[in-house]
file data07.txt (compact mmCIF, C-alpha atoms)
# COMPACT_ATOMS: atom_id res chain seq x y z
CA MET A 30 10.07 58.05 -1.21
CA THR A 31 9.78 58.16 -5.00
CA ARG A 32 6.71 57.15 -7.01
CA GLY A 33 8.63 54.17 -8.40
CA THR A 34 9.44 52.95 -4.91
CA LEU A 35 5.83 53.35 -3.85
CA ARG A 36 4.67 51.45 -6.93
CA ARG A 37 7.04 48.59 -6.17
CA ALA A 38 6.02 48.47 -2.52
CA GLY A 39 2.36 48.51 -3.54
CA LEU A 40 2.80 45.61 -5.94
CA LEU A 41 4.68 43.61 -3.32
CA ALA A 42 1.98 44.27 -0.74
CA ALA A 43 -0.70 43.20 -3.23
CA ALA A 44 1.27 40.02 -3.97
CA VAL A 45 1.54 39.26 -0.24
CA ALA A 46 -2.22 39.75 0.16
CA ALA A 47 -2.99 37.57 -2.89
CA TYR A 48 -0.72 34.85 -1.57
CA ALA A 49 -2.28 34.98 1.91
CA LEU A 50 -5.77 34.55 0.41
CA ALA A 51 -4.78 31.75 -1.98
CA ALA A 52 -2.68 29.90 0.58
CA TRP A 53 -5.39 30.11 3.21
CA ALA A 54 -7.86 28.43 0.83
CA VAL A 55 -5.85 25.21 0.72
CA ALA A 56 -3.65 23.81 3.44
CA PRO A 57 -0.77 23.74 4.08
CA GLY A 58 -0.58 26.71 1.70
CA PHE A 59 3.02 26.40 0.61
CA TYR A 60 4.00 22.94 -0.48
CA ASP A 61 6.69 22.13 -3.03
CA GLY A 62 6.22 18.37 -3.16
CA ILE A 63 9.75 17.63 -2.00
CA ALA A 64 8.88 14.40 -0.27
CA PRO A 65 6.52 12.87 -2.81
CA PRO A 66 4.13 10.26 -1.53
CA GLN A 67 5.24 6.77 -2.41
CA PRO A 68 2.63 4.62 -4.12
CA TYR A 69 0.30 3.67 -1.30
CA ARG A 70 0.74 0.13 -0.03
CA TRP A 71 -2.66 -1.49 0.40
CA VAL A 72 -3.56 -4.46 2.56
CA SER A 73 -6.40 -5.09 0.11
CA PRO A 74 -5.55 -3.15 -3.06
CA PRO A 75 -8.27 -1.69 -5.27
CA PRO A 76 -8.42 -3.44 -8.68
CA GLN A 77 -6.66 -0.62 -10.55
CA VAL A 78 -3.48 -0.84 -8.43
CA LYS A 79 -3.53 -4.57 -7.71
CA ALA A 80 -0.79 -5.40 -10.21
CA THR A 81 1.76 -3.02 -8.72
CA ASN A 82 0.74 -3.09 -5.06
CA GLN A 83 3.26 -3.88 -2.34
CA GLN A 84 2.18 -5.06 1.07
CA PRO A 85 2.23 -2.39 3.80
CA LEU A 86 4.83 -2.65 6.54
CA SER A 87 4.51 -2.55 10.31
CA GLY A 88 6.36 -0.47 12.89
CA HIS A 89 7.91 -1.38 16.21
CA SER A 90 9.86 0.63 18.74
CA THR A 91 10.66 0.90 22.43
CA VAL A 92 10.65 4.07 24.46
CA ARG A 93 12.68 4.30 27.65
CA VAL A 94 11.72 5.78 30.99
CA ALA A 95 13.68 8.96 31.72
CA SER A 96 15.47 9.68 35.00
CA ASN A 97 12.50 11.82 36.09
CA GLY A 98 10.30 8.71 35.99
CA LYS A 99 8.34 9.75 32.89
CA VAL A 100 8.22 7.77 29.67
CA ASP A 101 10.19 9.68 27.01
CA PRO A 102 8.48 11.50 24.12
CA GLY A 103 8.75 9.98 20.66
CA SER A 104 7.45 9.38 17.15
CA ILE A 105 6.96 5.82 15.96
CA PHE A 106 6.49 5.13 12.24
CA THR A 107 5.72 2.06 10.21
CA GLN A 108 8.71 1.17 8.03
CA ASP A 109 6.95 2.53 4.94
CA GLY A 110 5.91 5.72 6.72
CA GLN A 111 2.20 5.15 6.13
CA ALA A 112 1.21 5.30 9.81
CA ALA A 113 2.75 7.01 12.79
CA ILE A 114 2.06 8.07 16.35
CA ALA A 115 3.72 10.94 18.17
CA PHE A 116 3.56 11.63 21.88
CA THR A 117 4.94 13.97 24.52
CA PRO A 118 6.72 13.02 27.80
CA GLY A 119 4.65 11.09 30.31
CA VAL A 120 1.85 10.16 27.90
CA PHE A 121 2.32 6.47 28.68
CA VAL A 122 2.00 5.13 32.24
CA THR A 123 5.44 4.37 33.65
CA PRO A 124 5.80 0.59 34.15
CA PRO A 125 6.37 -0.38 37.82
CA ASP A 126 9.82 -1.83 36.97
CA ARG A 127 10.63 1.24 34.82
CA SER A 128 11.24 -1.02 31.85
CA PRO A 129 10.99 0.50 28.35
CA VAL A 130 7.54 0.77 26.79
CA THR A 131 7.08 -1.24 23.60
CA ILE A 132 4.87 0.18 20.85
CA ASP A 133 3.68 -1.64 17.74
CA ILE A 134 1.81 -0.42 14.67
CA LYS A 135 0.42 -3.13 12.42
CA PRO A 136 -1.73 -3.04 9.28
CA VAL A 137 -4.51 -5.57 9.73
CA THR A 138 -6.67 -7.56 7.37
CA THR A 139 -9.64 -8.10 9.66
CA PHE A 140 -11.46 -5.35 11.51
CA PRO A 141 -15.00 -4.37 12.53
CA ASN A 142 -17.39 -3.52 9.71
CA PRO A 143 -17.08 0.24 9.08
CA GLY A 144 -20.79 0.45 8.20
CA GLY A 145 -21.56 3.88 6.80
CA ILE A 146 -17.92 4.94 6.63
CA HIS A 147 -15.80 4.63 3.50
CA LEU A 148 -12.28 3.79 4.68
CA ALA A 149 -9.72 5.48 2.42
CA THR A 150 -6.66 3.88 4.05
CA ASN A 151 -5.56 0.60 5.53
CA VAL A 152 -6.61 -0.12 9.11
CA TYR A 153 -3.66 0.14 11.50
CA CYS A 154 -3.84 -1.28 15.02
CA ILE A 155 -1.56 0.37 17.56
CA THR A 156 -0.65 -1.44 20.77
CA SER A 157 1.71 -0.66 23.64
CA SER A 158 3.06 -2.59 26.61
CA SER A 159 1.88 0.18 28.93
CA PRO A 160 -1.44 2.07 28.64
CA LEU A 161 -1.91 5.77 28.04
CA ALA A 162 -2.07 7.83 31.23
CA ALA A 163 -5.46 9.30 32.06
CA GLY A 164 -6.20 12.50 30.17
CA GLN A 165 -3.21 12.10 27.82
CA GLN A 166 -3.30 12.05 24.02
CA VAL A 167 -1.23 10.71 21.14
CA LEU A 168 -1.17 12.16 17.64
CA VAL A 169 -2.03 9.51 15.03
CA THR A 170 -0.93 10.32 11.46
CA LEU A 171 -1.98 8.27 8.45
CA GLN A 172 -0.91 8.56 4.83
CA TYR A 173 -3.54 8.11 2.15
CA SER A 174 -3.31 7.41 -1.56
CA ASP A 175 -3.07 10.27 -4.03
CA GLN A 176 -5.03 8.16 -6.51
CA PHE A 177 -8.33 8.21 -4.63
CA PRO A 178 -10.58 10.75 -2.89
CA ALA A 179 -9.02 12.24 0.23
CA PRO A 180 -10.40 11.21 3.63
CA SER A 181 -11.96 13.88 5.79
CA ASP A 182 -11.35 12.36 9.24
CA VAL A 183 -9.59 9.71 11.25
CA TYR A 184 -11.75 6.94 12.72
CA GLN A 185 -10.96 4.68 15.65
CA SER A 186 -12.22 1.28 16.73
CA GLN A 187 -11.41 -0.08 20.19
CA ALA A 188 -11.51 -3.74 21.12
CA ASP A 189 -13.49 -4.66 18.00
CA GLY A 190 -16.09 -2.04 18.90
CA PRO A 191 -17.80 0.30 16.44
CA TRP A 192 -15.84 2.90 14.47
CA GLN A 193 -15.90 6.39 15.93
CA LYS A 194 -14.80 9.61 14.30
CA ILE A 195 -11.94 11.25 16.22
CA GLY A 196 -11.55 14.21 13.89
CA ASN A 197 -8.74 15.75 11.90
CA THR A 198 -6.14 18.07 13.39
CA GLY A 199 -4.22 18.38 10.15
CA SER A 200 -1.07 16.64 9.01
CA ALA A 201 2.50 17.29 7.96
CA ALA A 202 1.91 17.35 4.22
CA PRO A 203 -0.64 16.72 1.53
CA PHE A 204 -1.74 13.08 1.50
CA TYR A 205 -1.44 12.77 5.27
CA VAL A 206 -4.18 13.16 7.86
CA SER A 207 -3.77 13.35 11.65
CA ALA A 208 -5.96 13.23 14.73
CA ARG A 209 -5.46 13.14 18.47
CA ALA A 210 -6.54 10.00 20.31
CA THR A 211 -7.02 9.47 24.03
CA SER A 212 -6.57 5.71 23.76
CA LEU A 213 -4.86 3.23 21.49
CA GLY A 214 -6.74 0.85 19.21
CA CYS A 215 -7.27 0.48 15.48
CA PHE A 216 -7.24 3.54 13.23
CA ALA A 217 -8.13 4.36 9.64
CA ALA A 218 -8.93 7.50 7.69
CA GLY A 219 -12.12 7.81 5.73
CA TYR A 220 -15.30 9.72 5.08
CA ALA A 221 -19.01 9.15 5.37
CA ALA A 222 -19.97 6.79 2.55
CA ASN A 223 -22.90 8.99 1.57
CA ALA A 224 -20.64 12.05 1.29
CA GLY A 225 -19.17 10.95 -2.04
CA GLN A 226 -15.74 12.25 -2.90
CA SER A 227 -14.24 14.31 -0.11
CA ALA A 228 -13.71 17.89 -1.13
CA GLN A 229 -11.63 18.60 1.92
CA GLY A 230 -8.41 17.24 0.56
CA ALA A 231 -5.18 17.54 2.40
CA ARG A 232 -5.08 19.65 5.49
CA VAL A 233 -2.63 21.67 7.34
CA SER A 234 0.66 20.51 8.33
CA GLY A 235 3.52 21.63 10.12
CA GLY A 236 6.05 19.44 11.67
CA GLN A 237 7.06 20.29 15.22
CA THR A 238 9.40 23.05 14.06
CA LEU A 239 7.15 25.07 11.77
CA PRO A 240 5.82 27.65 14.25
CA ILE A 241 9.37 28.07 15.60
CA VAL A 242 10.70 28.70 12.08
CA VAL A 243 8.07 31.36 11.45
CA ALA A 244 8.60 33.00 14.83
CA LEU A 245 12.36 33.08 14.23
CA ALA A 246 11.83 34.55 10.77
CA ILE A 247 9.74 37.37 12.22
CA LEU A 248 12.29 37.94 15.00
CA VAL A 249 15.25 38.08 12.61
CA VAL A 250 13.45 40.47 10.26
CA VAL A 251 12.50 42.79 13.11
CA LEU A 252 15.91 42.65 14.84
CA ALA A 253 17.94 43.00 11.66
CA GLY A 254 15.54 45.27 9.80
CA ILE A 255 15.60 48.10 12.35
CA PRO A 256 19.40 48.61 12.38
CA LEU A 257 19.52 48.26 8.60
CA ALA A 258 16.83 50.92 8.20
CA VAL A 259 18.68 53.23 10.63
CA LEU A 260 21.96 52.74 8.76
CA ARG A 261 20.29 53.45 5.42
CA ARG A 262 18.65 56.59 6.78
CA ARG A 263 21.95 57.82 8.21
CA GLY A 264 23.65 57.06 4.87
CA ALA A 265 20.99 58.99 2.97
CA ALA A 266 21.24 61.92 5.41
CA GLY A 267 25.01 61.95 5.00
CA GLU A 268 24.68 62.10 1.22
CA ASP A 269 22.16 64.99 1.50
CA GLU A 270 24.53 66.94 3.76
CA GLY A 271 27.50 66.22 1.51
CA MET B 7 23.79 32.36 -34.58
CA LEU B 8 21.27 33.06 -31.79
CA ALA B 9 17.55 32.51 -32.27
CA PRO B 10 15.32 35.61 -31.98
CA ALA B 11 14.75 36.73 -28.37
CA PRO B 12 11.06 35.67 -28.20
CA VAL B 13 11.98 32.18 -29.42
CA ARG B 14 14.75 31.98 -26.80
CA ALA B 15 12.33 33.04 -24.07
CA VAL B 16 9.73 30.44 -25.07
CA GLY B 17 12.44 27.79 -25.42
CA LEU B 18 13.73 28.57 -21.95
CA ALA B 19 10.23 28.33 -20.48
CA VAL B 20 9.66 24.97 -22.22
CA MET B 21 13.00 23.67 -20.92
CA ALA B 22 12.31 24.78 -17.34
CA VAL B 23 8.82 23.26 -17.31
CA GLY B 24 10.11 20.12 -19.08
CA LEU B 25 12.86 19.62 -16.51
CA GLU B 26 10.37 19.92 -13.66
CA TRP B 27 7.98 17.45 -15.29
CA ALA B 28 10.84 15.02 -16.01
CA ARG B 29 11.86 15.16 -12.35
CA VAL B 30 8.30 14.54 -11.19
CA LEU B 31 7.85 11.61 -13.58
CA ALA B 32 11.20 10.13 -12.53
CA LEU B 33 10.07 10.33 -8.90
CA ARG B 34 7.22 7.95 -9.62
CA THR B 35 9.68 5.08 -9.44
CA PRO B 36 10.42 4.38 -5.78
CA ASP B 37 14.25 4.18 -6.02
CA TRP B 38 16.81 6.96 -5.58
CA GLN B 39 14.22 9.63 -4.84
CA ALA B 40 16.51 12.05 -2.99
CA LEU B 41 19.17 11.67 -5.70
CA THR B 42 16.55 12.29 -8.41
CA LEU B 43 15.48 15.48 -6.65
CA ILE B 44 19.08 16.70 -6.32
CA ALA B 45 19.81 15.92 -9.99
CA GLY B 46 16.61 17.73 -11.01
CA GLY B 47 17.58 20.79 -8.96
CA LEU B 48 21.09 20.89 -10.42
CA ALA B 49 19.72 20.54 -13.95
CA MET B 50 17.50 23.57 -13.32
CA CYS B 51 20.56 25.53 -12.13
CA LEU B 52 22.21 24.84 -15.50
CA LEU B 53 19.60 27.07 -17.15
CA GLY B 54 21.36 30.01 -15.51
CA VAL B 55 24.76 29.17 -16.99
CA GLY B 56 26.23 31.89 -19.22
CA ARG B 57 24.45 34.77 -17.49
CA SER B 58 26.07 37.30 -15.21
CA ARG B 59 25.28 37.29 -11.48
CA GLU B 60 23.62 40.69 -11.82
CA GLU B 61 21.44 39.45 -14.68
CA LEU B 62 20.23 36.56 -12.49
CA GLY B 63 19.74 38.83 -9.48
CA ILE B 64 22.41 37.17 -7.35
CA GLY B 65 24.99 39.97 -7.21
CA ARG B 66 26.67 40.83 -3.90
CA SER B 67 25.41 44.38 -3.31
CA ARG B 68 23.24 44.98 -0.20
CA LEU B 69 23.57 41.27 0.56
CA VAL B 70 22.59 41.50 4.24
CA GLU B 71 19.38 43.36 3.41
CA ARG B 72 18.50 40.82 0.75
CA LEU B 73 19.16 37.91 3.11
CA VAL B 74 16.86 39.51 5.69
CA GLY B 75 14.33 40.01 2.91
CA GLY B 76 14.57 36.30 2.14
CA ILE B 77 13.81 35.44 5.75
CA ALA B 78 10.82 37.78 5.63
CA LEU B 79 9.62 36.02 2.46
CA ALA B 80 9.95 32.67 4.25
CA GLY B 81 7.82 34.03 7.08
CA VAL B 82 5.13 35.12 4.63
CA LEU B 83 5.22 31.79 2.75
CA LEU B 84 4.94 29.73 5.93
CA LEU B 85 2.52 31.87 7.91
CA PRO B 86 -0.71 30.26 6.55
CA ALA B 87 0.57 26.81 7.51
CA ALA B 88 1.95 27.94 10.87
CA ALA B 89 -1.30 29.67 11.80
CA ARG B 90 -3.19 26.40 11.34
CA TRP B 91 -0.42 24.20 12.68
CA GLY B 92 -1.59 20.81 13.89
CA GLY B 93 1.72 19.07 14.49
CA GLY B 94 3.04 16.02 12.75
CA PRO B 95 6.09 14.49 11.12
CA ILE B 96 8.73 16.65 9.44
CA LEU B 97 10.85 16.35 6.27
CA GLN B 98 13.13 13.32 6.49
CA PRO B 99 16.86 14.18 6.69
CA GLU B 100 17.77 12.60 3.35
CA PHE B 101 15.36 14.97 1.64
CA ALA B 102 16.80 18.12 3.24
CA LEU B 103 19.67 18.44 0.74
CA ALA B 104 17.23 17.61 -2.03
CA ALA B 105 14.92 20.39 -0.85
CA VAL B 106 17.79 22.91 -1.04
CA ALA B 107 18.79 21.73 -4.54
CA VAL B 108 15.25 21.86 -5.88
CA SER B 109 14.39 25.26 -4.43
CA VAL B 110 17.66 26.86 -5.60
CA GLY B 111 17.24 25.22 -9.03
CA GLU B 112 13.66 26.44 -9.39
CA GLU B 113 14.61 30.00 -8.44
CA ILE B 114 17.59 30.10 -10.83
CA ALA B 115 15.46 28.70 -13.66
CA PHE B 116 12.15 30.57 -13.23
CA ARG B 117 12.91 33.83 -11.38
CA GLY B 118 16.53 33.96 -12.59
CA ALA B 119 17.11 32.94 -16.21
CA LEU B 120 13.51 32.92 -17.47
CA PHE B 121 12.60 36.17 -15.71
CA ALA B 122 15.70 37.92 -17.10
CA THR B 123 15.03 36.70 -20.64
CA LEU B 124 11.34 37.68 -20.53
CA GLU B 125 12.11 41.07 -19.03
CA HIS B 126 14.80 41.78 -21.60
CA THR B 127 12.49 40.74 -24.44
CA PHE B 128 9.01 41.85 -23.39
CA GLY B 129 9.40 44.04 -20.30
CA PRO B 130 8.83 43.55 -16.56
CA ALA B 131 5.07 42.87 -16.60
CA VAL B 132 5.47 39.91 -18.95
CA ALA B 133 8.48 38.75 -16.91
CA VAL B 134 6.42 38.65 -13.69
CA VAL B 135 3.34 37.07 -15.28
CA GLY B 136 5.24 34.76 -17.65
CA SER B 137 7.64 33.34 -15.06
CA THR B 138 4.68 32.81 -12.69
CA ALA B 139 2.68 31.02 -15.38
CA ALA B 140 5.60 28.75 -16.27
CA TRP B 141 6.27 28.01 -12.59
CA THR B 142 2.61 27.12 -12.03
CA LEU B 143 2.54 24.90 -15.12
CA ALA B 144 5.71 23.19 -13.90
CA HIS B 145 3.89 22.15 -10.72
CA ALA B 146 0.82 20.80 -12.53
CA LEU B 147 2.06 17.20 -12.45
CA SER B 148 3.21 17.19 -8.84
CA HIS B 149 0.31 18.99 -7.19
CA PRO B 150 -3.43 18.31 -7.02
CA PRO B 151 -5.38 20.99 -8.96
CA ALA B 152 -6.68 22.53 -5.71
CA PHE B 153 -3.08 23.48 -4.79
CA LEU B 154 -2.27 25.31 -8.00
CA PRO B 155 -3.77 28.71 -7.07
CA ALA B 156 -1.54 28.76 -3.98
CA VAL B 157 1.44 27.72 -6.11
CA ALA B 158 0.65 30.52 -8.59
CA ALA B 159 0.27 33.04 -5.78
CA ALA B 160 3.62 32.02 -4.28
CA GLY B 161 5.21 32.37 -7.73
CA LEU B 162 3.64 35.80 -8.15
CA LEU B 163 4.95 36.92 -4.77
CA LEU B 164 8.49 35.73 -5.48
CA ALA B 165 8.44 37.24 -8.99
CA ALA B 166 7.11 40.53 -7.61
CA TRP B 167 10.04 40.62 -5.18
CA ARG B 168 12.45 39.81 -8.02
CA TRP B 169 11.11 42.78 -9.98
CA ALA B 170 10.67 45.24 -7.11
CA VAL B 171 14.03 44.63 -5.41
CA ARG B 172 15.99 43.45 -8.49
CA ASP B 173 16.99 40.49 -6.35
CA LEU B 174 16.96 36.70 -6.46
CA VAL B 175 18.79 36.07 -3.16
CA GLY B 176 15.61 36.81 -1.20
CA PRO B 177 13.44 34.37 -3.18
CA ILE B 178 16.16 31.69 -2.95
CA VAL B 179 16.47 32.08 0.84
CA GLY B 180 12.70 32.23 1.35
CA HIS B 181 12.04 29.24 -0.90
CA VAL B 182 14.77 27.11 0.72
CA ILE B 183 13.52 27.81 4.26
CA ALA B 184 9.90 27.14 3.26
CA ASP B 185 10.79 23.85 1.57
CA LEU B 186 12.84 22.71 4.55
CA ALA B 187 10.08 23.61 7.00
CA LEU B 188 7.28 21.94 5.02
call {"tool": "encode", "arguments": {"input": "data07.txt", "output": "structure tokens"}}
result
Amino acid sequence: MTRGTLRRAGLLAAAVAAYALAAWAVAPGFYDGIAPPQPYRWVSPPPQVKATNQQPLSGHSTVRVASNGKVDPGSIFTQDGQAAIAFTPGVFVTPPDRSPVTIDIKPVTTFPNPGGIHLATNVYCITSSSPLAAGQQVLVTLQYSDQFPAPSDVYQSQADGPWQKIGNTGSAAPFYVSARATSLGCFAAGYAANAGQSAQGARVSGGQTLPIVVALAILVVVLAGIPLAVLRRRGAAGEDEG
Amino acid sequence: MLAPAPVRAVGLAVMAVGLEWARVLALRTPDWQALTLIAGGLAMCLLGVGRSREELGIGRSRLVERLVGGIALAGVLLLPAAARWGGGPILQPEFALAAVAVSVGEEIAFRGALFATLEHTFGPAVAVVGSTAAWTLAHALSHPPAFLPAVAAAGLLLAAWRWAVRDLVGPIVGHVIADLAL
């Protein structure tokens, strides 16, 4: 290996290390802004966006019961993409008549007083025609505005009860926040009012396919890299002998 | 008559950054977003017109190795997100073609044409640093400030590959996969 090759490899390794450090400091790390957030649609717009605000949209879908008796998996979005829930097979209780399960997501104008929480998004109430099975979870994802401080967590209120923090598992892109919930109800993202502007910002993402893409990338590199290295070595040895 | 090389290099950087900013500003209207992204990506590709494939780093030699290198770059770019994966929605289908157009366009413009011009004029160090700086500046309108160090580091990694391997196929492949996955 020549000094030039070593120098190049060293610079590449340093660049990989620098990227790993920088990308780890802010999630998701790599983000090219391909799907830009639409202007956030507020139920009650802040004064500075009142003139251009559009009303948020609701979401409605039905999920069928599969032949194995479990309610199918799915992702249900509002029509403007501002709120969504995702769930795996069997999360909802199978109706006795095996009829499809209806799920609705609606932005609401009235909700329990958030008290010491500053809500950074609309409040979305999610209902279904069949309850969640015991011990099961859905993933709730909410978009938030890029014009205001980012929320740090998702909060839930059930049956007009108090708001409770359910955390933040990360989301698919900047300006989205997600959390797992063990029951349906009303959801919003926000932060403690006395915390001021959230420094947390957008969190990690992924999409269902991301870990698979990375695993495949590693597999392809390993499987293809070994034969390529062997071929190169044989080629170099051949040249030396010739 | 051609302008002096330094002027051409600066002009190219201004054009590449300007095209990115124009695309981002156009995206602030809600209509035709995917089409705007595709048009923006194609416009960036035009900055490579008139240069040879070798000059841009997209020649055909050792293509398989460079494709594998691109997949490795994608793995590196996505690993921080995958390691902290929390699940959630994925890129909508209508934006998939747009993601390809934008990532190819950005690579041709920044690591292809601009890198080649800077390297020819000022040498490889300025090419790596200059193309990274222009790429970071180009993302200043579309990304919150907290994201820009990661953007700069990704640009540095891709530019380092471009210099070390004399290749743009790897960065194109890596960038396309990363954009499609996130």
call {"tool": "axis_aligned_box", "arguments": {"input": "data07.txt", "around": "segment 40-57 of chain A", "padding_each_side": "5 Å", "output": "AutoDock Vina command-line options"}}
result
--center_x -1.6 --center_y 34.7 --center_z -0.9 --size_x 22.5 --size_y 31.9 --size_z 20.0
call {"tool": "interface_residues", "arguments": {"input": "data07.txt", "of": "chain B", "to": "chain A", "cutoff": "8 Å", "atoms": "only C-alpha atoms", "output": "PyMOL selection string"}}
result
chain B and resi 33-34+36+43+71+74-75+77-78+80-97+101+104-105+108+148-149+152-153+155-157+159-160+162-163+166-167+170+184-185+187-188
call {"tool": "residues_around", "arguments": {"input": "data07.txt", "residues": "segment 148-154 of chain A", "least_positions_apart": "6", "cutoff": "7 Å", "atoms": "all atoms listed in the file", "output": "list in words"}}
result
Trp71, Val72, Ile134, Lys135, Pro136, Val137, Tyr173, Pro180, Gly214, Cys215, Phe216, Ala217, Ala218, Gly219 and Tyr220 of chain A
call {"tool": "write_last_selection", "arguments": {"input": "data07.txt", "atoms": "C-alpha atoms", "output": "PDB file, in the frame of the given file"}}
result
ATOM      1  CA  TRP A  71      -2.660  -1.490   0.400  1.00  0.00           C
ATOM      2  CA  VAL A  72      -3.560  -4.460   2.560  1.00  0.00           C
ATOM      3  CA  ILE A 134       1.810  -0.420  14.670  1.00  0.00           C
ATOM      4  CA  LYS A 135       0.420  -3.130  12.420  1.00  0.00           C
ATOM      5  CA  PRO A 136      -1.730  -3.040   9.280  1.00  0.00           C
ATOM      6  CA  VAL A 137      -4.510  -5.570   9.730  1.00  0.00           C
ATOM      7  CA  TYR A 173      -3.540   8.110   2.150  1.00  0.00           C
ATOM      8  CA  PRO A 180     -10.400  11.210   3.630  1.00  0.00           C
ATOM      9  CA  GLY A 214      -6.740   0.850  19.210  1.00  0.00           C
ATOM     10  CA  CYS A 215      -7.270   0.480  15.480  1.00  0.00           C
ATOM     11  CA  PHE A 216      -7.240   3.540  13.230  1.00  0.00           C
ATOM     12  CA  ALA A 217      -8.130   4.360   9.640  1.00  0.00           C
ATOM     13  CA  ALA A 218      -8.930   7.500   7.690  1.00  0.00           C
ATOM     14  CA  GLY A 219     -12.120   7.810   5.730  1.00  0.00           C
ATOM     15  CA  TYR A 220     -15.300   9.720   5.080  1.00  0.00           C
TER      16      TYR A 220
END
call {"tool": "closest_residue", "arguments": {"input": "data07.txt", "among": "A:Thr107, A:Thr139, A:Thr117, A:Gln84", "to": "Gln165 of chain A", "atoms": "only C-alpha atoms"}}
result
A:Thr117
call {"tool": "atom_distance", "arguments": {"input": "data07.txt", "atom1": "atom CA of His126 of chain B", "atom2": "atom CA of Trp169 of chain B"}}
result
12.2 Å
call {"tool": "atom_distance", "arguments": {"input": "data07.txt", "atom1": "atom CA of Ser73 of chain A", "atom2": "atom CA of Ala112 of chain A"}}
result
16.1 Å
call {"tool": "atom_distance", "arguments": {"input": "data07.txt", "atom1": "atom CA of Ala9 of chain B", "atom2": "atom CA of Glu26 of chain B"}}
result
23.6 Å
call {"tool": "residues_around", "arguments": {"input": "data07.txt", "residues": "Ser96 of chain A", "least_positions_apart": "3", "cutoff": "12 Å", "atoms": "all atoms listed in the file", "output": "list of chain:residue names"}}
result
A:Arg93, A:Lys99, A:Val100, A:Asp101, A:Pro118, A:Gly119, A:Thr123, A:Arg127, A:Ser128
call {"tool": "write_last_selection", "arguments": {"input": "data07.txt", "atoms": "C-alpha atoms", "output": "CSV table (one decimal), in the frame of the given file"}}
result
chain,number,residue,atom,x,y,z
A,93,ARG,CA,12.7,4.3,27.6
A,99,LYS,CA,8.3,9.8,32.9
A,100,VAL,CA,8.2,7.8,29.7
A,101,ASP,CA,10.2,9.7,27.0
A,118,PRO,CA,6.7,13.0,27.8
A,119,GLY,CA,4.6,11.1,30.3
A,123,THR,CA,5.4,4.4,33.6
A,127,ARG,CA,10.6,1.2,34.8
A,128,SER,CA,11.2,-1.0,31.8
call {"tool": "residues_around", "arguments": {"input": "data07.txt", "residues": "Leu120 of chain B", "least_positions_apart": "2", "cutoff": "8 Å", "atoms": "only C-alpha atoms", "output": "MDAnalysis selection string"}}
result
chainID B and resid 15 18:19 115:118 122:124 133 137
call {"tool": "residues_around", "arguments": {"input": "data07.txt", "residues": "Thr131 of chain A", "least_positions_apart": "5", "cutoff": "9 Å", "atoms": "only C-alpha atoms", "output": "short mmCIF file (atom, residue, chain, number, x, y, z; two decimals) with C-alpha atoms, in the coordinates of the input"}}
result
data_model
loop_
_atom_site.label_atom_id
_atom_site.label_comp_id
_atom_site.auth_asym_id
_atom_site.auth_seq_id
_atom_site.Cartn_x
_atom_site.Cartn_y
_atom_site.Cartn_z
CA HIS A 89 7.91 -1.38 16.21
CA SER A 90 9.86 0.63 18.74
CA THR A 91 10.66 0.90 22.43
CA VAL A 92 10.65 4.07 24.46
CA ARG A 93 12.68 4.30 27.65
CA THR A 156 -0.65 -1.44 20.77
CA SER A 157 1.71 -0.66 23.64
CA SER A 158 3.06 -2.59 26.61
CA SER A 159 1.88 0.18 28.93
#
call {"tool": "residues_near_point", "arguments": {"input": "data07.txt", "point": "(4.9, 26.5, -18.4)", "cutoff": "9 Å", "atoms": "all atoms listed in the file", "output": "ChimeraX atom specification"}}
result
/B:19-24,136-145
